[in-house]
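> I'd like to ask you about the structure that follows.
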Amino acid sequence: MIWLTWRQHRKQAFYTLLGLAALAALLVPIGLSMRNTFADLGLADCVSQLARTDVAQTARENCDASFHRFSTQYGNLYLVAILLITLPALVGLFWGAPLVAREVEHGTHRFVWTQGVGRTRWALVKFGLVGAAVVVLAAAYGLGMSWWVEPLTQSSHEGRLGMIVFDLQGIVPIGYTLFAVALGVFAGTVWKRMLPAMGITLAGFIGVRTAVEVLARPRYQAAHTKTFPIEGEGPPVVSWGDWVLTQGVRNPDGTMIAEDTRIQCPPGGKGPDGRVCGSELGLEPGAYNWQLYQPADRFWLFQWIETGIFVALAALLLYFAIRRVRRIA
């Protein structure tokens, strides 16, 4: 049964490895270029400096200028990152969905089941071997993406917790890929044709991923709040790498005056008409900037939580898929 499974899927394995090799050939030179530029601009020192609160204003401004130069040169790579987060879905489409649906559509499952191989053993061997291969490939992909995206995350205020880059690195690609494959397998046991199974896999993967990212991830742990006055010398000090969920300006009683923004006025600053800075917004004396954020040091905790969610969903889908296989005519 193991040899039969390898014979059936060796072309898929070959083309998958070929695709990963081509991806590496494209991304490794870009990653090396980013790292060289990062080092030449001295951004590693800037990252360590900005993690402290006692950084001189001049040093902060110089670092901000260097980060701006880096972002100007490599900021468009976030578009590439958006494309890369679709790879687990593609594995689900071309590995998971055909695993059962193609067998049933072509009728080859009947031949195997009449040769002394039971349905449960057939399903466990196929699902187990494909799942193991997917884990290895996804782990290699996650490690490679962690290396490639590191300069981008270090140059971003949101760091590794930021949208898109969080999904590319660490261990979450393993959970995403296993879930995509399991969803494809389950869809194949329900619709029993490849194209409908692939369509359901894509729609389900996008829906679940979006729901987890938007609704669940910001709430894995209670977010922290940060306040700082609207008057002060220079820009407010914000922890580097924190994931800011929302921010705004509040009056002393806590009423939100302006959302998704912040105000920085010089001490006692007034406009040309003599009005106090921010008075046109209805700010009262004692108004302050407010942020709701997830600290940067929760990256690995969030990675484990999200990976656990998708691995659990994958296990549940495979359990139901095995039950469905027992009922296929």
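Letters A, B, ... go to the chains of the structure tokens in the order shown; residues in each chain start at 1; ligands are counted from 1 in the same order.
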Mind checking which residues fall within 9 Å of range 302-318 of chain A, counting only C-alpha atoms, ignoring those fewer than 5 positions away in the same chain, and posting them as a PyMOL selection string?

chain A and resi 127+161+166-167+170-183+185-186+212+216-217+220-221+323

> Please list as a list of chain:residue names every residue within 10 Å of Leu281 in chain A, counting only C-alpha atoms and excluding residues in the same chain fewer than 6 positions away.

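Counting only C-alpha atoms, the residues come to A:Val249, A:Ile257, A:Ala258.
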
> Report as a list in words: the residues of range 207-265 of chain A with a DSSP assignment of strand (DSSP E), based on the backbone of this structure.

His224, Thr225, Lys226, Thr227, Phe228, Pro229, Trp243, Val244, Leu245, Thr246, Gln247, Gly248, Val249, Arg250, Met256, Ile257, Ala258 and Glu259 of chain A

> Keeping C-alpha atoms, export the residues of the selection given above as a PDB file, in the first residue's frame.


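Okay, again34.pdb is ready:
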```pdb
ATOM      1  CA  HIS A 224      -2.475  45.928  26.406  1.00  0.00           C
ATOM      2  CA  THR A 225      -3.237  49.638  26.411  1.00  0.00           C
ATOM      3  CA  LYS A 226      -0.808  52.499  26.231  1.00  0.00           C
ATOM      4  CA  THR A 227      -1.418  56.209  26.793  1.00  0.00           C
ATOM      5  CA  PHE A 228       0.794  59.226  26.226  1.00  0.00           C
ATOM      6  CA  PRO A 229       0.087  62.962  26.284  1.00  0.00           C
ATOM      7  CA  TRP A 243       1.096  45.056  16.876  1.00  0.00           C
ATOM      8  CA  VAL A 244      -1.169  48.087  17.227  1.00  0.00           C
ATOM      9  CA  LEU A 245      -4.784  46.922  16.966  1.00  0.00           C
ATOM     10  CA  THR A 246      -6.391  50.340  17.206  1.00  0.00           C
ATOM     11  CA  GLN A 247      -5.504  53.828  18.352  1.00  0.00           C
ATOM     12  CA  GLY A 248      -7.043  57.254  18.771  1.00  0.00           C
ATOM     13  CA  VAL A 249      -7.263  60.437  20.802  1.00  0.00           C
ATOM     14  CA  ARG A 250      -9.413  60.534  23.934  1.00  0.00           C
ATOM     15  CA  MET A 256     -12.906  58.899  21.785  1.00  0.00           C
ATOM     16  CA  ILE A 257     -12.496  62.131  19.807  1.00  0.00           C
ATOM     17  CA  ALA A 258     -10.503  60.921  16.809  1.00  0.00           C
ATOM     18  CA  GLU A 259      -9.990  57.287  15.766  1.00  0.00           C
TER      19      GLU A 259
END
```

> DSSP on the backbone: which residues in range 108-213 of chain A end up as helix (DSSP H, G or I)? Give the answer as a short mmCIF file (atom, residue, chain, number, x, y, z; two decimals) with C-alpha atoms, in the first residue's frame.


```
data_model
loop_
_atom_site.label_atom_id
_atom_site.label_comp_id
_atom_site.auth_asym_id
_atom_site.auth_seq_id
_atom_site.Cartn_x
_atom_site.Cartn_y
_atom_site.Cartn_z
CA THR A 108 -9.72 3.03 -9.05
CA HIS A 109 -10.69 2.79 -5.37
CA ARG A 110 -12.77 -0.31 -6.09
CA PHE A 111 -9.76 -2.17 -7.46
CA VAL A 112 -7.73 -1.52 -4.31
CA TRP A 113 -10.54 -2.44 -1.95
CA ARG A 119 -11.02 1.07 3.46
CA THR A 120 -9.67 2.25 6.81
CA ARG A 121 -6.16 0.99 6.09
CA TRP A 122 -6.28 2.52 2.62
CA ALA A 123 -7.31 5.89 4.06
CA LEU A 124 -4.83 5.85 6.95
CA VAL A 125 -1.87 4.98 4.73
CA LYS A 126 -2.72 7.56 2.08
CA PHE A 127 -3.56 10.30 4.56
CA GLY A 128 -0.58 9.47 6.77
CA LEU A 129 2.05 9.48 4.02
CA VAL A 130 0.74 12.60 2.35
CA GLY A 131 0.38 14.32 5.72
CA ALA A 132 3.97 13.47 6.70
CA ALA A 133 5.28 14.78 3.38
CA VAL A 134 3.25 17.97 3.81
CA VAL A 135 4.64 18.55 7.32
CA VAL A 136 8.24 18.23 6.08
CA LEU A 137 7.68 20.54 3.10
CA ALA A 138 5.75 23.10 5.18
CA ALA A 139 8.45 23.11 7.87
CA ALA A 140 11.13 23.77 5.25
CA TYR A 141 8.96 26.50 3.73
CA GLY A 142 8.36 28.14 7.12
CA LEU A 143 12.07 28.16 7.98
CA GLY A 144 12.98 29.58 4.59
CA MET A 145 10.34 32.28 4.80
CA SER A 146 11.47 33.20 8.34
CA TRP A 147 14.96 33.83 6.99
CA TRP A 148 13.71 35.74 3.94
CA VAL A 149 11.21 37.99 5.68
CA GLU A 150 13.36 38.88 8.71
CA PRO A 151 14.72 42.20 7.34
CA LEU A 152 11.17 43.27 6.40
CA THR A 153 9.82 42.50 9.87
CA GLN A 154 12.71 44.25 11.60
CA GLY A 159 7.42 43.55 13.53
CA ARG A 160 6.75 39.82 13.25
CA LEU A 161 3.15 40.16 14.46
CA VAL A 165 4.41 38.50 7.57
CA PHE A 166 3.07 36.58 10.60
CA ASP A 167 1.44 34.08 8.22
CA LEU A 168 4.65 33.43 6.30
CA VAL A 172 2.05 28.43 11.29
CA PRO A 173 2.66 27.39 7.64
CA ILE A 174 2.60 23.79 8.91
CA GLY A 175 -0.84 24.27 10.43
CA TYR A 176 -2.17 26.12 7.38
CA THR A 177 -0.92 23.47 4.96
CA LEU A 178 -2.20 20.52 6.99
CA PHE A 179 -5.59 22.21 7.27
CA ALA A 180 -5.72 22.89 3.52
CA VAL A 181 -4.88 19.28 2.68
CA ALA A 182 -7.36 17.88 5.22
CA LEU A 183 -10.07 20.21 3.93
CA GLY A 184 -9.36 19.04 0.39
CA VAL A 185 -9.52 15.39 1.46
CA PHE A 186 -12.81 15.89 3.28
CA ALA A 187 -14.30 17.84 0.37
CA GLY A 188 -13.31 14.97 -1.93
CA THR A 189 -15.20 12.47 0.22
CA VAL A 190 -18.35 14.60 0.10
CA TRP A 191 -18.49 15.77 -3.53
CA MET A 194 -12.15 16.87 -8.34
CA LEU A 195 -13.33 20.26 -9.58
CA PRO A 196 -16.14 20.75 -7.00
CA ALA A 197 -13.80 19.48 -4.28
CA MET A 198 -11.11 21.96 -5.31
CA GLY A 199 -13.60 24.82 -5.37
CA ILE A 200 -14.93 23.99 -1.90
CA THR A 201 -11.37 23.64 -0.60
CA LEU A 202 -10.39 27.08 -1.85
CA ALA A 203 -13.53 28.79 -0.53
CA GLY A 204 -13.34 27.03 2.83
CA PHE A 205 -9.65 27.75 3.28
CA ILE A 206 -10.05 31.45 2.55
CA GLY A 207 -13.10 31.72 4.81
CA VAL A 208 -11.53 29.99 7.82
CA ARG A 209 -8.18 31.73 7.44
CA THR A 210 -9.86 35.13 7.24
CA ALA A 211 -12.07 34.45 10.27
CA VAL A 212 -9.14 33.31 12.40
CA GLU A 213 -6.89 36.18 11.35
#
```

> Out of A:Thr255, A:Thr261, A:Ser156, A:Ser279, which residue has the shortest atom-to-atom distance to Ser66 in chain A when counting only C-alpha atoms?

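Among the listed residues, A:Ser156 lies closest to Ser66 in chain A.
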
> Have a look at A:Gly162, A:Leu301, A:Thr37, A:Leu84 and name the one nearest to Leu20 in chain A; count only C-alpha atoms.

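The shortest atom-to-atom distance to Leu20 in chain A comes from A:Leu84.
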
> Can you tell me how far CA of Asp64 in chain A sits from CA of Cys265 in chain A, in Å to one decimal?

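Calculated distance between CA of Asp64 in chain A and CA of Cys265 in chain A is 19.4 Å.
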
> Could you state the separation of CA of Arg298 in chain A and CA of Asp260 in chain A in Å, given to one decimal place?

22.9 Å

> Rounded to one decimal, what separation in Å do you get between CA of Arg324 in chain A and CA of Leu93 in chain A?

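Taking CA of Arg324 in chain A as the start and CA of Leu93 in chain A as the end point, the length is 19.2 Å.
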
> In terms of the shortest atom-to-atom distance over only C-alpha atoms, which of A:Ile263, A:Ile30, A:Val100, A:Pro285 is closest to Leu77 in chain A?

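Of A:Ile263, A:Ile30, A:Val100, A:Pro285, the one nearest Leu77 in chain A, counting only C-alpha atoms, is A:Ile30.
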